[in-house]
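As stored in query_28.txt (compact mmCIF, C-alpha atoms):
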```txt
# COMPACT_ATOMS: atom_id res chain seq x y z
CA MET A 1 0.00 0.00 0.00
CA ALA A 2 2.70 2.38 1.05
CA THR A 3 4.80 1.42 -1.92
CA THR A 4 1.91 2.05 -4.33
CA PHE A 5 1.46 5.48 -2.81
CA GLN A 6 5.18 6.21 -3.03
CA GLU A 7 5.25 5.02 -6.63
CA ALA A 8 2.31 7.24 -7.47
CA LEU A 9 4.01 10.17 -5.79
CA ALA A 10 7.23 9.47 -7.66
CA ARG A 11 5.33 9.36 -10.94
CA LEU A 12 3.54 12.58 -10.04
CA ARG A 13 6.89 14.27 -9.46
CA GLU A 14 7.95 13.36 -12.97
CA THR A 15 4.97 15.12 -14.54
CA HIS A 16 5.35 18.39 -16.39
CA VAL A 17 2.76 20.14 -14.17
CA TRP A 18 4.52 19.21 -10.90
CA LYS A 19 7.88 20.31 -12.26
CA SER A 20 6.43 23.59 -13.50
CA ILE A 21 5.12 24.36 -9.98
CA PHE A 22 7.97 23.12 -7.78
CA ARG A 23 10.78 23.31 -10.34
CA ARG A 24 13.02 21.02 -8.29
CA GLY A 25 13.27 17.30 -7.82
CA PRO A 26 12.80 15.60 -4.46
CA ALA A 27 14.68 17.24 -1.58
CA ARG A 28 17.17 14.51 -0.74
CA THR A 29 20.21 16.57 0.20
CA ASN A 30 20.56 19.48 2.63
CA ARG A 31 21.21 21.77 -0.31
CA THR A 32 18.02 20.83 -2.17
CA ARG A 33 16.09 20.98 1.13
CA SER A 34 17.32 24.54 1.71
CA LEU A 35 16.51 25.48 -1.87
CA ALA A 36 12.99 24.10 -1.44
CA VAL A 37 12.47 26.50 1.48
CA PHE A 38 14.14 29.45 -0.22
CA GLY A 39 12.10 28.96 -3.38
CA ASN A 40 8.72 28.80 -1.67
CA LEU A 41 6.78 32.03 -1.13
CA PHE A 42 5.15 30.72 2.05
CA LEU A 43 8.34 29.30 3.54
CA HIS A 44 11.06 31.66 2.37
CA PHE A 45 10.75 33.96 5.39
CA LEU A 46 11.04 31.05 7.79
CA PRO A 47 14.38 29.61 8.91
CA VAL A 48 15.86 27.01 6.58
CA LYS A 49 17.10 25.02 9.53
CA VAL A 50 16.54 25.21 13.27
CA ARG A 51 18.44 23.87 16.22
CA GLU A 52 16.73 20.96 17.87
CA LYS A 53 16.77 22.60 21.27
CA THR A 54 14.70 25.54 19.99
CA LEU A 55 11.94 23.04 19.21
CA ARG A 56 11.72 21.81 22.78
CA VAL A 57 8.45 22.67 24.53
CA ARG A 58 10.25 24.54 27.30
CA ALA A 59 12.11 26.75 24.82
CA THR A 60 8.98 28.65 23.76
CA TYR A 61 5.94 26.70 24.99
CA TYR A 62 4.93 27.26 21.33
CA LEU A 63 3.13 30.43 22.45
CA GLY A 64 3.87 32.33 19.23
CA SER A 65 2.80 29.38 17.10
CA ILE A 66 -0.37 29.02 19.18
CA SER A 67 -1.14 32.73 18.63
CA PHE A 68 -0.65 32.28 14.87
CA LEU A 69 -2.76 29.12 14.81
CA LEU A 70 -5.55 30.97 16.62
CA PHE A 71 -5.24 33.83 14.13
CA ALA A 72 -5.64 31.32 11.27
CA ILE A 73 -8.72 29.82 12.96
CA LEU A 74 -10.14 33.33 13.41
CA ALA A 75 -9.53 34.22 9.77
CA ILE A 76 -11.27 31.07 8.50
CA THR A 77 -14.24 31.17 10.90
CA GLY A 78 -14.50 34.94 10.44
CA VAL A 79 -14.83 34.64 6.66
CA LEU A 80 -17.47 31.94 7.12
CA LEU A 81 -19.42 34.14 9.56
CA MET A 82 -19.32 37.01 7.05
CA PHE A 83 -21.47 34.98 4.64
CA TYR A 84 -24.46 35.44 6.98
CA TYR A 85 -23.77 38.82 8.56
CA HIS A 86 -24.99 42.27 7.48
CA PRO A 87 -23.30 45.19 9.25
CA ALA A 88 -26.54 47.16 9.55
CA VAL A 89 -28.94 48.19 12.30
CA PRO A 90 -30.92 46.16 13.39
CA GLN A 91 -30.10 43.35 10.95
CA ALA A 92 -26.73 42.66 12.59
CA TYR A 93 -28.36 41.49 15.81
CA ARG A 94 -30.84 39.32 13.88
CA ASP A 95 -28.04 37.76 11.84
CA MET A 96 -26.15 36.97 15.03
CA LYS A 97 -29.31 35.32 16.40
CA ASP A 98 -29.76 33.40 13.14
CA LEU A 99 -26.19 32.18 13.33
CA ARG A 100 -26.91 30.85 16.79
CA PHE A 101 -30.34 29.31 16.26
CA VAL A 102 -31.07 28.85 12.54
CA VAL A 103 -27.91 28.34 10.49
CA SER A 104 -26.49 24.79 10.46
CA ASN A 105 -23.34 24.69 12.61
CA GLY A 106 -23.60 28.46 12.94
CA VAL A 107 -23.42 28.31 16.71
CA PHE A 108 -20.29 26.18 16.46
CA LEU A 109 -18.53 28.63 14.14
CA ARG A 110 -19.60 31.66 16.15
CA ASN A 111 -18.47 30.14 19.43
CA LEU A 112 -15.24 28.96 17.85
CA HIS A 113 -14.58 32.50 16.60
CA ARG A 114 -15.40 34.02 19.96
CA LEU A 115 -13.40 31.54 22.03
CA ALA A 116 -10.42 31.66 19.67
CA ALA A 117 -10.52 35.47 19.89
CA GLN A 118 -10.39 35.41 23.66
CA LEU A 119 -7.70 32.71 23.66
CA MET A 120 -5.67 34.69 21.13
CA VAL A 121 -5.53 37.73 23.41
CA ALA A 122 -4.43 35.45 26.25
CA ALA A 123 -1.89 33.63 24.03
CA VAL A 124 -0.40 36.87 22.69
CA PHE A 125 -0.01 38.20 26.24
CA ALA A 126 1.52 34.91 27.41
CA HIS A 127 3.92 34.97 24.43
CA MET A 128 4.91 38.52 25.29
CA PHE A 129 5.48 37.75 28.97
CA HIS A 130 7.50 34.67 28.06
CA VAL A 131 9.69 36.64 25.65
CA PHE A 132 10.09 39.39 28.25
CA TYR A 133 11.11 37.11 31.10
CA ARG A 134 13.49 35.16 28.85
CA GLY A 135 15.11 38.44 27.77
CA GLY A 136 14.05 37.86 24.16
CA TYR A 137 13.72 41.62 23.59
CA LYS A 138 17.48 42.16 23.98
CA PRO A 139 19.77 42.87 21.01
CA PRO A 140 19.63 41.77 18.25
CA HIS A 141 15.89 41.22 18.80
CA GLU A 142 14.87 44.81 19.71
CA PHE A 143 13.15 45.54 16.41
CA ASN A 144 11.18 42.31 16.49
CA TRP A 145 10.08 43.12 20.04
CA VAL A 146 8.63 46.40 18.74
CA VAL A 147 6.90 44.57 15.89
CA GLY A 148 5.49 42.25 18.56
CA VAL A 149 4.16 45.22 20.53
CA VAL A 150 2.42 46.46 17.34
CA LEU A 151 0.93 42.99 16.90
CA LEU A 152 -0.34 43.05 20.49
CA LEU A 153 -2.06 46.38 19.82
CA VAL A 154 -3.53 45.07 16.55
CA THR A 155 -4.80 42.00 18.41
CA LEU A 156 -6.44 44.15 21.08
CA PHE A 157 -7.97 46.46 18.47
CA LEU A 158 -9.29 43.46 16.52
CA SER A 159 -10.82 42.21 19.75
CA TYR A 160 -12.36 45.61 20.46
CA THR A 161 -13.81 46.13 16.97
CA GLY A 162 -15.22 42.60 16.91
CA TYR A 163 -16.97 43.24 20.21
CA LEU A 164 -19.48 45.65 18.62
CA LEU A 165 -20.53 43.40 15.75
CA PRO A 166 -23.19 41.27 17.58
CA TRP A 167 -25.00 44.60 18.18
CA ASP A 168 -26.46 43.48 21.50
CA GLN A 169 -26.64 45.47 24.74
CA LEU A 170 -23.23 44.25 25.91
CA ALA A 171 -21.64 45.31 22.61
CA PHE A 172 -23.39 48.70 22.53
CA TRP A 173 -22.43 49.75 26.04
CA ALA A 174 -18.95 48.32 25.84
CA ILE A 175 -18.25 50.43 22.75
CA THR A 176 -19.95 53.46 24.33
CA VAL A 177 -17.64 53.17 27.32
CA GLY A 178 -14.61 52.30 25.18
CA SER A 179 -15.08 55.20 22.79
CA ASN A 180 -15.46 57.58 25.74
CA ILE A 181 -12.15 56.29 27.08
CA ILE A 182 -10.65 57.17 23.68
CA SER A 183 -12.09 60.69 23.89
CA ALA A 184 -10.16 61.18 27.15
CA MET A 185 -6.98 61.21 25.05
CA PRO A 186 -5.39 64.69 25.16
CA PHE A 187 -5.93 67.11 22.25
CA PHE A 188 -7.19 64.63 19.62
CA GLY A 189 -9.50 62.50 21.76
CA LYS A 190 -12.79 63.96 20.54
CA TYR A 191 -11.73 63.89 16.87
CA VAL A 192 -10.51 60.29 17.08
CA ARG A 193 -13.80 59.26 18.71
CA PHE A 194 -15.83 61.08 16.05
CA GLN A 195 -13.84 59.47 13.22
CA LEU A 196 -13.99 56.02 14.78
CA LEU A 197 -17.73 56.14 15.37
CA GLY A 198 -18.53 58.15 12.25
CA GLY A 199 -20.69 60.38 14.44
CA ASN A 200 -21.35 61.38 18.02
CA VAL A 201 -23.16 58.25 19.14
CA VAL A 202 -22.68 54.51 18.66
CA GLY A 203 -24.99 53.99 15.69
CA GLU A 204 -25.16 52.66 12.14
CA ASN A 205 -21.99 54.44 11.03
CA ALA A 206 -20.06 53.08 13.99
CA LEU A 207 -21.21 49.52 13.26
CA LEU A 208 -20.14 49.78 9.61
CA ARG A 209 -16.79 51.33 10.48
CA PHE A 210 -16.02 48.70 13.09
CA TYR A 211 -17.01 46.00 10.60
CA VAL A 212 -14.65 47.32 7.92
CA LEU A 213 -11.83 47.73 10.44
CA HIS A 214 -12.45 44.28 11.89
CA CYS A 215 -12.80 42.37 8.63
CA VAL A 216 -10.47 44.22 6.23
CA VAL A 217 -8.13 46.86 7.62
CA LEU A 218 -6.86 45.23 10.81
CA PRO A 219 -6.44 41.70 9.40
CA LEU A 220 -4.35 43.13 6.54
CA ILE A 221 -2.19 45.04 9.03
CA ALA A 222 -1.89 41.91 11.16
CA VAL A 223 -0.81 39.71 8.22
CA PHE A 224 1.74 42.32 7.16
CA PHE A 225 3.32 42.56 10.61
CA VAL A 226 3.14 38.81 11.24
CA ALA A 227 5.17 38.30 8.04
CA ILE A 228 7.78 40.80 9.23
CA HIS A 229 7.75 39.19 12.69
CA PHE A 230 8.47 35.68 11.34
CA TRP A 231 11.06 36.94 8.86
CA ARG A 232 12.92 38.85 11.55
CA VAL A 233 13.15 35.78 13.81
CA GLN A 234 15.27 34.21 11.09
CA LYS A 235 17.20 37.39 10.21
CA ASP A 236 18.05 38.04 13.86
CA GLY A 237 19.69 34.63 14.09
CA GLY A 238 16.86 32.45 15.28
CA LEU A 239 15.64 31.89 18.81
CA THR A 240 18.02 32.49 21.65
CA VAL A 241 17.95 29.48 23.92
CA ARG A 242 19.27 30.02 27.41
CA ASN A 243 20.70 27.55 29.91
CA GLN A 244 19.28 27.12 33.34
CA ASP A 245 21.84 29.63 34.59
CA GLY A 246 20.44 32.15 32.09
CA ARG A 247 23.42 32.16 29.68
CA LYS A 248 22.99 32.00 25.96
CA GLU A 249 23.31 28.53 24.59
CA ASN A 250 24.16 28.73 20.93
CA MET B 1 19.10 75.47 -23.31
CA THR B 2 22.56 76.03 -24.61
CA HIS B 3 25.28 73.47 -24.54
CA SER B 4 27.11 75.19 -21.67
CA ASP B 5 24.05 74.97 -19.35
CA LYS B 6 24.67 71.30 -18.66
CA PRO B 7 26.17 70.71 -15.25
CA GLY B 8 29.80 69.79 -15.23
CA LYS B 9 30.48 71.64 -18.48
CA GLY B 10 32.16 74.96 -17.93
CA GLY B 11 31.21 75.68 -14.29
CA GLU B 12 27.62 76.71 -14.94
CA THR B 13 26.38 75.21 -11.64
CA PRO B 14 25.13 77.89 -9.20
CA THR B 15 27.54 79.11 -6.57
CA ASP B 16 25.53 77.69 -3.59
CA GLY B 17 26.32 74.18 -4.76
CA VAL B 18 22.80 73.04 -5.74
CA SER B 19 23.07 71.16 -8.99
CA ARG B 20 20.26 71.06 -11.51
CA ARG B 21 19.65 67.39 -10.70
CA ASP B 22 19.34 68.08 -6.95
CA PHE B 23 17.07 71.03 -7.65
CA LEU B 24 14.74 68.93 -9.82
CA ASP B 25 14.83 66.13 -7.23
CA GLU B 26 13.78 68.55 -4.52
CA ILE B 27 10.97 69.95 -6.68
CA ALA B 28 9.75 66.43 -7.48
CA PHE B 29 9.88 65.19 -3.89
CA SER B 30 8.23 68.37 -2.61
CA ALA B 31 5.42 67.89 -5.12
CA LEU B 32 5.10 64.27 -4.02
CA GLY B 33 5.06 65.32 -0.37
CA ILE B 34 2.35 67.92 -1.00
CA ALA B 35 0.33 65.31 -2.89
CA VAL B 36 0.67 62.81 -0.01
CA ILE B 37 -0.33 65.40 2.62
CA GLY B 38 -3.18 66.54 0.37
CA SER B 39 -4.51 63.00 -0.03
CA ALA B 40 -4.28 62.49 3.73
CA VAL B 41 -6.31 65.66 4.33
CA VAL B 42 -8.84 64.74 1.62
CA THR B 43 -9.19 61.22 3.05
CA TYR B 44 -9.70 62.62 6.56
CA ARG B 45 -12.40 64.92 5.19
CA TYR B 46 -13.98 62.00 3.33
CA LEU B 47 -14.12 59.94 6.52
CA SER B 48 -15.81 62.73 8.50
CA PRO B 49 -19.52 62.43 7.77
CA ASN B 50 -21.29 65.69 6.93
CA VAL B 51 -24.83 64.45 7.44
CA LEU B 52 -25.62 62.48 10.57
CA PHE B 53 -28.81 60.57 11.19
CA GLU B 54 -28.75 61.07 14.93
CA PRO B 55 -31.48 62.19 17.32
CA PRO B 56 -31.90 65.99 17.20
CA THR B 57 -30.18 67.86 20.01
CA LYS B 58 -33.04 70.37 20.33
CA PHE B 59 -36.43 68.86 21.05
CA ARG B 60 -39.88 69.58 22.44
CA ALA B 61 -40.79 67.94 25.72
CA GLY B 62 -44.52 68.57 25.67
CA SER B 63 -46.74 70.69 27.85
CA PRO B 64 -45.54 71.64 31.36
CA ASP B 65 -48.74 70.11 32.75
CA LEU B 66 -47.38 66.64 31.87
CA TYR B 67 -44.86 66.94 34.69
CA PRO B 68 -46.30 66.83 38.25
CA LEU B 69 -44.71 68.93 40.99
CA ASN B 70 -41.55 67.51 42.64
CA THR B 71 -40.99 64.75 40.08
CA VAL B 72 -38.14 63.57 37.89
CA THR B 73 -39.22 62.37 34.45
CA TYR B 74 -36.85 60.42 32.22
CA LEU B 75 -37.16 60.98 28.46
CA PRO B 76 -35.61 57.81 26.98
CA GLU B 77 -35.44 59.07 23.38
CA GLN B 78 -33.39 62.09 24.37
CA GLN B 79 -31.61 60.72 27.45
CA VAL B 80 -32.62 63.73 29.54
CA TYR B 81 -34.38 64.12 32.92
CA VAL B 82 -36.98 66.86 33.15
CA VAL B 83 -37.22 67.86 36.82
CA ARG B 84 -40.05 69.96 38.23
CA THR B 85 -39.59 71.48 41.65
CA GLY B 86 -41.44 74.19 43.50
CA GLU B 87 -39.15 76.72 41.87
CA GLY B 88 -39.76 75.56 38.32
CA PHE B 89 -38.34 73.31 35.60
CA PHE B 90 -34.83 72.23 34.75
CA ALA B 91 -33.36 69.60 32.42
CA VAL B 92 -30.50 67.34 33.54
CA SER B 93 -28.46 65.10 31.25
CA ALA B 94 -28.96 61.37 31.85
CA VAL B 95 -25.57 60.51 30.34
CA CYS B 96 -23.00 59.77 33.03
CA THR B 97 -20.01 62.10 32.90
CA HIS B 98 -17.69 59.17 33.61
CA LEU B 99 -17.84 57.02 30.46
CA GLY B 100 -21.17 57.82 28.85
CA CYS B 101 -23.52 55.16 30.22
CA VAL B 102 -27.17 56.14 30.63
CA THR B 103 -28.10 56.64 34.28
CA GLN B 104 -31.34 55.69 35.99
CA TRP B 105 -33.58 57.69 38.30
CA LYS B 106 -34.15 55.78 41.55
CA PRO B 107 -37.14 57.47 43.22
CA GLU B 108 -36.94 55.26 46.35
CA ALA B 109 -33.40 56.50 47.04
CA ASP B 110 -34.00 60.00 45.63
CA GLN B 111 -30.88 59.50 43.49
CA ILE B 112 -29.72 59.24 39.90
CA ALA B 113 -27.55 56.08 39.67
CA CYS B 114 -25.25 54.84 36.91
CA PRO B 115 -25.35 51.06 36.31
CA CYS B 116 -21.88 50.84 34.75
CA HIS B 117 -19.49 51.99 37.46
CA GLY B 118 -21.71 53.04 40.35
CA SER B 119 -21.70 56.83 40.20
CA LYS B 120 -24.56 58.43 42.12
CA PHE B 121 -26.03 61.92 41.69
CA THR B 122 -28.77 64.01 43.27
CA ARG B 123 -31.70 65.11 41.14
CA ASP B 124 -29.80 68.37 40.57
CA GLY B 125 -27.00 66.36 38.95
CA VAL B 126 -24.60 66.94 41.84
CA LYS B 127 -22.29 63.95 42.36
CA ILE B 128 -22.77 62.02 45.59
CA GLU B 129 -20.24 59.26 44.99
CA GLY B 130 -18.48 57.22 42.31
CA PRO B 131 -15.91 57.75 39.59
CA ALA B 132 -17.77 60.49 37.67
CA PRO B 133 -15.44 63.49 37.35
CA ARG B 134 -18.14 66.16 36.93
CA PRO B 135 -21.76 66.75 37.90
CA LEU B 136 -24.43 66.00 35.30
CA PRO B 137 -24.84 69.09 33.10
CA HIS B 138 -28.05 71.11 33.00
CA PHE B 139 -29.46 71.90 29.56
CA LEU B 140 -31.23 75.06 28.51
CA ILE B 141 -34.98 74.62 28.91
CA THR B 142 -37.35 77.21 27.46
CA LEU B 143 -41.02 77.65 26.70
CA THR B 144 -42.07 77.79 23.05
CA LEU B 145 -44.63 80.32 21.85
CA ASP B 146 -47.37 77.70 21.91
CA GLY B 147 -46.60 76.84 25.53
CA GLU B 148 -44.49 73.68 25.24
CA LEU B 149 -41.21 72.91 26.97
CA GLN B 150 -38.16 72.89 24.72
CA VAL B 151 -34.74 71.49 25.65
CA ASP B 152 -31.51 72.31 23.81
CA LYS B 153 -28.81 69.71 24.57
CA LEU B 154 -26.09 71.83 23.01
CA GLU B 155 -26.67 74.68 25.50
CA THR B 156 -25.54 73.88 29.00
CA VAL B 157 -26.60 76.29 31.72
CA LYS B 158 -25.80 76.92 35.37
CA PRO B 159 -27.67 74.61 37.78
CA SER B 160 -29.21 77.72 39.40
CA GLN B 161 -31.02 78.61 36.17
CA VAL B 162 -34.59 77.36 36.48
CA LEU B 163 -37.52 77.89 34.14
CA LYS B 164 -40.50 79.35 35.97
CA VAL B 165 -43.83 78.64 34.33
```
This entry written out as structure tokens:
Amino acid sequence: MATTFQEALARLRETHVWKSIFRRGPARTNRTRSLAVFGNLFLHFLPVKVREKTLRVRATYYLGSISFLLFAILAITGVLLMFYYHPAVPQAYRDMKDLRFVVSNGVFLRNLHRLAAQLMVAAVFAHMFHVFYRGGYKPPHEFNWVVGVVLLLVTLFLSYTGYLLPWDQLAFWAITVGSNIISAMPFFGKYVRFQLLGGNVVGENALLRFYVLHCVVLPLIAVFFVAIHFWRVQKDGGLTVRNQDGRKEN
Amino acid sequence: MTHSDKPGKGGETPTDGVSRRDFLDEIAFSALGIAVIGSAVVTYRYLSPNVLFEPPTKFRAGSPDLYPLNTVTYLPEQQVYVVRTGEGFFAVSAVCTHLGCVTQWKPEADQIACPCHGSKFTRDGVKIEGPAPRPLPHFLITLTLDGELQVDKLETVKPSQVLKV
């Protein structure tokens, strides 16, 4: 069985279509393995090789990977939720209710999106604390630490904008309170609040603006900075693993 | 342009050291900068709505006879309390000065209470306790020509100003 599969795979690799996509033969040597990573759009910003000790659970607790996995879950479930959701008053609330009680598996997707969102905030914070206490912000990782801070803010803003979309009482008052906190900002507070809400009260304009921010603007910003974040891990020389006495172990 | 105008040919570059190429670069980048700033301003203007479909800030509150003596009446559409005392009428905002939640009149405690963070006010809007930084503002209340109360939420007045009817 396994041999039939391997034979089929080997035959597939000989086809013109396969070669036109992957261009290289099977990665049997370290050189061809590296080239396979370099030549792949989705892998080229990841390290070509990693030290085994950086893959240990205790090295990172996989907190960054967990954050990224949750982001992927949120992107997929979010797109699926968008097929049933109108960002309008009062339809938004009805659509949310429909997702919970009428649409097949809607309640599963909605709860998955909501739980993953809450877990992602927790995972990003845990990742940040872990990096901080391990000294991962120190040179040469300073820039990537700053990119990480931006990603934390994007995560929090995604969480905040998503909070309004169910258009229930909790959402309405949370955004009322949150936007009044923004207006406490010196000098620009009132203008930022007006622009964010598209008016003076949390209404139709605010719902539409939060929807566009939540579904388009912020995810694009997040993907952009996540790409830089991953790429810089490699460019800054990979993870720094420390001994129990806190020294670098390279 | 004569042949000798080209930089590097016969010392035609200006004495302050700005070559023609640098000059044109500066012009081009300045134009680009102005265009970028201009688009930012235009985009900001685009994102600021000119017409808002929000409740009007000036509204009629009906005949004074609707409000019995020594009562606080909450107008949910406008988020305003109309208070009638022996001295007359005044209008107090129902929006908490802390973070904008709508407060509730509690007649049994003779207080205005905010459900969000526990601020409490008297019927005059004076803060009793809680995180609210300011008292609830009083709005201008007037009588229209046909004898109805009118409240203007954009005009705040001193708490001592009371409409006598």
- Find the residues around A:Phe210 up to 8 Å (all atoms listed in the file counted), leave out those fewer than 5 positions away in its own chain, and share them as a PyMOL selection string. chain A and resi 161-162+164-165+196-197
Write out the residues from the selection above, keeping C-alpha atoms, as a CSV table (one decimal), in the coordinates of the input.
```csv
chain,number,residue,atom,x,y,z
A,161,THR,CA,-13.8,46.1,17.0
A,162,GLY,CA,-15.2,42.6,16.9
A,164,LEU,CA,-19.5,45.6,18.6
A,165,LEU,CA,-20.5,43.4,15.8
A,196,LEU,CA,-14.0,56.0,14.8
A,197,LEU,CA,-17.7,56.1,15.4
```
- From the set B:Pro56, B:Gly86, B:Gly147, B:Pro107, which residue has the shortest atom-to-atom contact distance to B:Tyr74, counting all atoms listed in the file?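 Residue with the minimum atom-to-atom distance to B:Tyr74: B:Pro107.
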- Neighbour list for stretch 137-139 of chain A as a list in words, cut-off 12 Å, all atoms listed in the file, skip fewer than 2 positions in-chain: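 Listed by chain and then number, they are His127, Met128, Phe129, His130, Val131, Phe132, Tyr133, Arg134, Gly135, His141, Glu142, Phe143, Asn144, Trp145, Val146, Val147, Gly148, Val149, Val233, Asp236, Gly237, Leu239, Thr240 and Lys248 of chain A.
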Tell me as a short mmCIF file (atom, residue, chain, number, x, y, z; two decimals) with C-alpha atoms, in the frame of the given file which residues belonging to chain A come within 12 Å of chain B, counting all atoms listed in the file.
```
data_model
loop_
_atom_site.label_atom_id
_atom_site.label_comp_id
_atom_site.auth_asym_id
_atom_site.auth_seq_id
_atom_site.Cartn_x
_atom_site.Cartn_y
_atom_site.Cartn_z
CA GLN A 169 -26.64 45.47 24.74
CA LEU A 170 -23.23 44.25 25.91
CA PHE A 172 -23.39 48.70 22.53
CA TRP A 173 -22.43 49.75 26.04
CA ALA A 174 -18.95 48.32 25.84
CA ILE A 175 -18.25 50.43 22.75
CA THR A 176 -19.95 53.46 24.33
CA VAL A 177 -17.64 53.17 27.32
CA GLY A 178 -14.61 52.30 25.18
CA SER A 179 -15.08 55.20 22.79
CA ASN A 180 -15.46 57.58 25.74
CA ILE A 181 -12.15 56.29 27.08
CA ILE A 182 -10.65 57.17 23.68
CA SER A 183 -12.09 60.69 23.89
CA ALA A 184 -10.16 61.18 27.15
CA TYR A 191 -11.73 63.89 16.87
CA VAL A 192 -10.51 60.29 17.08
CA ARG A 193 -13.80 59.26 18.71
CA PHE A 194 -15.83 61.08 16.05
CA GLN A 195 -13.84 59.47 13.22
CA LEU A 196 -13.99 56.02 14.78
CA LEU A 197 -17.73 56.14 15.37
CA GLY A 198 -18.53 58.15 12.25
CA GLY A 199 -20.69 60.38 14.44
CA ASN A 200 -21.35 61.38 18.02
CA VAL A 201 -23.16 58.25 19.14
CA VAL A 202 -22.68 54.51 18.66
CA GLY A 203 -24.99 53.99 15.69
CA GLU A 204 -25.16 52.66 12.14
CA ASN A 205 -21.99 54.44 11.03
CA ALA A 206 -20.06 53.08 13.99
CA ARG A 209 -16.79 51.33 10.48
#
```
- Item | Counting all atoms listed in the file, the option among B:Thr57, B:Leu136, B:Tyr46, B:Glu108 closest to B:Lys120 |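 Answer, going by the shortest atom-to-atom distance: B:Leu136.
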- Query: Which is closer to B:Thr73 than all the others in B:Ile112, B:Val42, B:Leu143, B:Ile128, using all atoms listed in the file?
  - Reply: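 Closest residue, counting all atoms listed in the file: B:Ile112.
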- Item | Counting only C-alpha atoms, the option among A:Ala27, A:Ala126, A:Ala92, A:Ile73 closest to A:Leu109 |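 Looking only at the distances to A:Leu109, the closest residue turns out to be A:Ile73.
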- Message: Report, in Å to a single decimal, how far apart atom CA of A:Lys19 and atom CA of A:Phe5 are.
- Response: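 Distance between the two atoms: 18.7 Å.
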- Two-atom distance - atom CA of B:Gln161, atom CA of B:Ala132 (Å):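 Atom CA of B:Gln161 sits 22.5 Å away from atom CA of B:Ala132.
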- Task: Calculate how many Å separate atom CA of A:Cys215 from atom CA of A:His86, rounding to one decimal.
- Result: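 Separation between atom CA of A:Cys215 and atom CA of A:His86: 12.2 Å.
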- Task: Excluding A:Ser159 and any residue of its chain fewer than 4 positions from it, enumerate the residues within 10 Å of it, using only C-alpha atoms, and give them as a list in words.
- Result: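 Result of the neighbour search: Arg114, Ala117, Gln118, Met120, Val121, Leu153, Val154, Thr155, Tyr163, Leu164 and His214 of chain A.
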- Which is closer to A:Leu80 than all the others in A:His113, A:Lys235, A:Lys53, A:Arg58, using all atoms listed in the file?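 Among the listed residues, A:His113 lies closest to A:Leu80.
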Please report, as lines of an AutoDock Vina configuration file, the centre and edge lengths in Å to one decimal of an axis-aligned box covering all listed atoms of stretch 4-22 of chain A with 5 Å per side.
```
center_x = 4.7
center_y = 13.2
center_z = -9.6
size_x = 16.5
size_y = 32.3
size_z = 23.6
```
